[in-house]
Amino acid sequence: MFSSLIACNGGGNVNDPMEEQVEKLLGQMTLREKIGQMHQVSPGNINEVMTQLENGEIGSMLNVTNPDMVNQIQEIAMKKSRLGIPVLMSRDVIHGYKTIFPIPLGQAATFNPLIVEEGARVAAVEASADGIRWTFAPMIDVSRDARWGRMAESYGEDSYLNAVMGVAAVKGFQGDSLNRPTSIAACAKHFVGYGAAEAGKDYNSTFITERMLRNTYLPPFEAVAKAGCATFMTSFNDNDGIPSTGNSFILKDVLRKEWKYDGMVVTDWASATEMVAHGFCKDRKEAAEKAVNAGVDMEMVSGSFIEHLESLVKEGKVSETNVDEAVRNILRLKFRLGLFENPYVSTAQSVKYAPEHLAKAKVAAEQSVILLKNIEEVLPLGKRVHTIAVVGPMADAPHDQLGTWVFDGEKTHTQTPLKALREMYGSEVRIIYEQGLAYSRDKRTDGIAKAVAAARQADVVLAFVGEEAILSGEAHSLADLDLRGAQKQLIDALSKIDKPLVTVIMAGRPLTIAEEVEKSDAVLYSFHPGTMGGPALADILFGKVVPSGKTPVTFPKMVGQLPIYYAHNHTGRAPSGKETLIDDIPLEAGQTSLGCSSFYMDAGFGPLFPFGYGLSYTTFAYDKLHLSADTLRMNEILTITANLTNTGKYAGTEVVQLYVRDKVGSVTRPVKELKGFQRIALQPGETKTVTFELPISDLAFWNIDMKKVVEPGEFTLWIGTNSSDGLSADFEVLN
């Protein structure tokens with residue numbers, strides 16, 4: 001399904017000229033120099049770093065973004081070290097370098113792989129201009145618990161969506177060839193299961209069975225491995241008691257032997273020595289031993305390899321063969337990147353914030369916005385609107401709009417909604433701005449009265465609320481996902497005046513917003529939209545752009561539902577939807593009178609919004625679902641067609657989604673699994689036939705015997721607008 005994106009992928013082939021170069025250089029290296037290639041540092045004591053460079057004891061450096069410094073480092077490595085091996089310069093470039101795109105969760109909401117690819121390409125062009133040739137993205141952790149702050153950095157809850165978007169990101173970062181100066185090596189992270197951290201608490205343990213690992217968490221990584229992703233990163237978590245950095249099953253058995261991966265594996269920040277804190281290793285020396293023997297090639301910053309590998313080899317606890325294999329993978333990457341031929345970077349550049357980059361960031365932000373509610377067509381704002389009240393802490397928050405994990409984007413370049421509305425539509429309407437709250441956690445309510453007073457003067461109220469960038473991301477887990485500070489009071493006060501209320505939420509995760517949705521006439525959700533979020537939202541509010549985003553994660557009604565996701569198993573007692581909820585329970589009710597099924601008495605069964613949900617200013621109708629056959633063999637392809645009609649008055653784009661259920665398996669199967677999606681643009685009244693090709697081989701899963709097979713039997717498929725609604729049909733797979 002996912003074809004190779006990188007042409008130079010010939011590791012292990014002794015007849016490959018590049019492999020000959022790798023072997024020739026490896027043969028000249030001392031053990032100390034080999035270990036030096038396995039050592040990654042972040043700049044600290046400059047004199048110490050310079051000495052290490054001259055001794056060939058640094059393979060990679062983090063967080064050097066000054067081109068002059070990059071060239072100075074490479075000059076020492078190339079001309080003063082014995083073998084002249086260039087240093088691999090790296091940086092976290094997650095959703096943009098200078099031009100910041102929506103956070104990855106927002107990019108996933110576009111259901112448009114081209115958006116992800118173009119965003120990564122822009123990031124690569126800008127970052128490589130400063131000498132950065134390796135980034136630690138994409139993060140393709142399947143993320144099903146919004147309490148986990150790093151959900152912001154993911155492509156959401158679905159394995160297939162993570163795979164598609166992850167491959168697109170790799171293609172964007174690496175381009176058509178790694179050795180082009182504007183290409184940077186991608187890094188698939190975190191290998192593996194990190195997104196399933198228990199209770200959504202970052203760095204926490206996971207307890208994923210091998211079958212679930214293979215059916216849900218590994219497929220995105222296999223997809224990017226086969227697409228030529230240059231590097232992999234181990235994760236912080238232990239799974240079933242084994243930290244990923246010391247897990248030879250995933251690093252050797254799966255990654256190397258099963259997938260034939262010849263790229264490079266790096267630890268996460270200090271995750272090697274953190275195996276001591278896990279209680280998996282007694283000291284730093286044993287951590288180095290277990291990491292290298294498990295299949296790690298390079299250690300990020302913690303330094304146990306450079307400290308202890310020489311003695312570990314001499315003691316026979318780590319074979320030099322394992323060291324050699326790690327260094328091969330590192331040198332191969334450097335050759336593929338063309339660093340030996342061109343390690344330096346030009347200091348004359350003008351690519352940052354280029355107009356075409358900003359234009360692409362705006363389109364990405366536009367397509368990422370999700371319309372969750374729109375009563376009586378409050379949106380788009382029309383000619384009946386003469387005065388707008390803009391309120392809320394996120395209306396003019398240039399730093400927070402960029403979202404988490406932004407090291408290099410500058411808030412001075414951020415175009416906020418307030419700024420955009422004034423510049424783009426200020427001549428058409430009067431804009432009254434009253435912030436109400438200074439920031440999202442602001443608990444002071446004295447400004448709410450001023451916001452309400454401003455709202456009373458307006459024809460419509462635009463309330464921009466959500467969460468600051470610092471409230472999501474690494475180590476930023478939350479147990480409470482309600483709007484922070486006095487934002488709930490602000491929305492409540494605004495809802496009580498007789499004016500249409502449009503609530504725009506900017507956040508790094510799904511928040512529990514049932515009350516705010518109920519009190520608002522329209523709701524737009526924008527996962528932190530980046531540099532151009534303001535103009536994108538302004539054009540959506542005024543209808544120049546019609547929203548098309550879909551939820552890449554399930555939105556819970558309340559935090560107690562987490563983790564929540566659409567692709568759950570059916571259970572033996574699935575809810576019927578007729579269960580009695582807590583407010584309707586009669587006094588002294590009998591034990592079985594409420595129904596014995598899998599649901600919450602206070603939340604029911606369903607979410608606030610399902611996966612794949614999103615409205616438009618227009619409406620779409622599905623009909624004439626047709627299957628090319630209702631019985632198929634294992635090697636055949638099922639063709640599915642359906643008609644999609646724009647039944648509204650605006651041109652719009654619908655994300656058509658294909659789901660499948662395997663009704664009976666040797667192990668229980670999810671109620672639905674996403675197998676495809678397409679963005680279809682239609683004019684009012686226009687009808688198009690949407691076609692999906694589903695290879696029966698795509699129905700394979702890891703069965704009771706831990707073998708990946710397609711099991712014969714009955715299946716149901718759906719084509720529709722989200723994971724809950726759609727046309728359905730049955731088919732059968734024969735032996």
# chains A, B, ... in the order shown; residues from 1 in each chain; ligands from 1
call {"tool": "select_by_dssp", "arguments": {"residues": "segment 316-528 of chain A", "states": "strand (DSSP E or B)", "output": "PyMOL selection string"}}
result
chain A and resi 370-374+387-391+430-434+460-466+501-507+522-527
call {"tool": "select_by_dssp", "arguments": {"residues": "segment 359-431 of chain A", "states": "alpha helix (DSSP H)", "output": "short mmCIF file (atom, residue, chain, number, x, y, z; two decimals) with N, CA, C and O atoms, in the first residue's frame"}}
result
data_model
loop_
_atom_site.label_atom_id
_atom_site.label_comp_id
_atom_site.auth_asym_id
_atom_site.auth_seq_id
_atom_site.Cartn_x
_atom_site.Cartn_y
_atom_site.Cartn_z
N ALA A 359 1.63 31.00 2.34
CA ALA A 359 0.40 30.64 1.63
C ALA A 359 0.03 29.18 1.90
O ALA A 359 -1.15 28.86 2.12
N LYS A 360 1.02 28.31 1.91
CA LYS A 360 0.74 26.90 2.18
C LYS A 360 0.32 26.69 3.64
O LYS A 360 -0.55 25.86 3.92
N ALA A 361 0.91 27.45 4.54
CA ALA A 361 0.52 27.35 5.94
C ALA A 361 -0.91 27.82 6.14
O ALA A 361 -1.65 27.26 6.97
N LYS A 362 -1.34 28.82 5.38
CA LYS A 362 -2.72 29.29 5.48
C LYS A 362 -3.70 28.23 4.98
O LYS A 362 -4.73 27.96 5.61
N VAL A 363 -3.39 27.60 3.84
CA VAL A 363 -4.27 26.54 3.32
C VAL A 363 -4.35 25.39 4.32
O VAL A 363 -5.43 24.82 4.56
N ALA A 364 -3.22 25.03 4.91
CA ALA A 364 -3.22 23.96 5.91
C ALA A 364 -4.12 24.32 7.09
O ALA A 364 -4.89 23.48 7.57
N ALA A 365 -4.01 25.55 7.56
CA ALA A 365 -4.85 25.99 8.67
C ALA A 365 -6.32 25.98 8.28
O ALA A 365 -7.18 25.55 9.06
N GLU A 366 -6.63 26.44 7.07
CA GLU A 366 -8.01 26.44 6.60
C GLU A 366 -8.61 25.04 6.62
O GLU A 366 -9.72 24.81 7.12
N GLN A 367 -7.87 24.08 6.07
CA GLN A 367 -8.39 22.72 5.96
C GLN A 367 -8.42 21.99 7.29
O GLN A 367 -9.11 20.98 7.44
N SER A 368 -7.70 22.52 8.29
CA SER A 368 -7.65 21.85 9.59
C SER A 368 -8.81 22.24 10.50
O SER A 368 -9.07 21.55 11.49
N PRO A 417 -6.26 35.94 14.85
CA PRO A 417 -7.60 36.24 14.36
C PRO A 417 -7.97 37.72 14.46
O PRO A 417 -8.55 38.29 13.53
N LEU A 418 -7.65 38.35 15.58
CA LEU A 418 -7.98 39.77 15.73
C LEU A 418 -7.29 40.60 14.66
O LEU A 418 -7.92 41.44 13.98
N LYS A 419 -6.00 40.36 14.48
CA LYS A 419 -5.24 41.10 13.47
C LYS A 419 -5.81 40.85 12.08
O LYS A 419 -6.00 41.78 11.29
N ALA A 420 -6.10 39.60 11.78
CA ALA A 420 -6.61 39.25 10.46
C ALA A 420 -7.99 39.84 10.20
O ALA A 420 -8.26 40.36 9.11
N LEU A 421 -8.86 39.76 11.19
CA LEU A 421 -10.20 40.32 11.02
C LEU A 421 -10.13 41.82 10.77
O LEU A 421 -10.85 42.36 9.91
N ARG A 422 -9.27 42.50 11.49
CA ARG A 422 -9.14 43.95 11.30
C ARG A 422 -8.58 44.28 9.92
O ARG A 422 -9.07 45.18 9.24
N GLU A 423 -7.55 43.52 9.51
CA GLU A 423 -6.89 43.83 8.25
C GLU A 423 -7.71 43.38 7.04
O GLU A 423 -7.72 44.05 6.00
N MET A 424 -8.38 42.24 7.17
CA MET A 424 -9.05 41.64 6.02
C MET A 424 -10.51 42.06 5.89
O MET A 424 -11.06 42.14 4.79
N TYR A 425 -11.17 42.33 7.03
CA TYR A 425 -12.60 42.62 6.99
C TYR A 425 -12.99 43.87 7.76
O TYR A 425 -14.16 44.19 7.88
#
call {"tool": "atom_distance", "arguments": {"atom1": "atom CA of Val429 of chain A", "atom2": "atom CA of Val385 of chain A"}}
result
7.2 Å
call {"tool": "closest_residue", "arguments": {"among": "A:Arg147, A:Arg32, A:His413, A:His386", "to": "Phe305 of chain A", "atoms": "only C-alpha atoms"}}
result
A:Arg32
call {"tool": "residues_around", "arguments": {"residues": "Ser440 of chain A", "least_positions_apart": "6", "cutoff": "9 Å", "atoms": "only C-alpha atoms", "output": "list of chain:residue names"}}
result
A:Gly392, A:Pro393, A:Met394, A:Val465, A:Gly466, A:Glu467, A:Glu468, A:Leu483, A:Arg484, A:Gly485, A:Ala486, A:Gln487
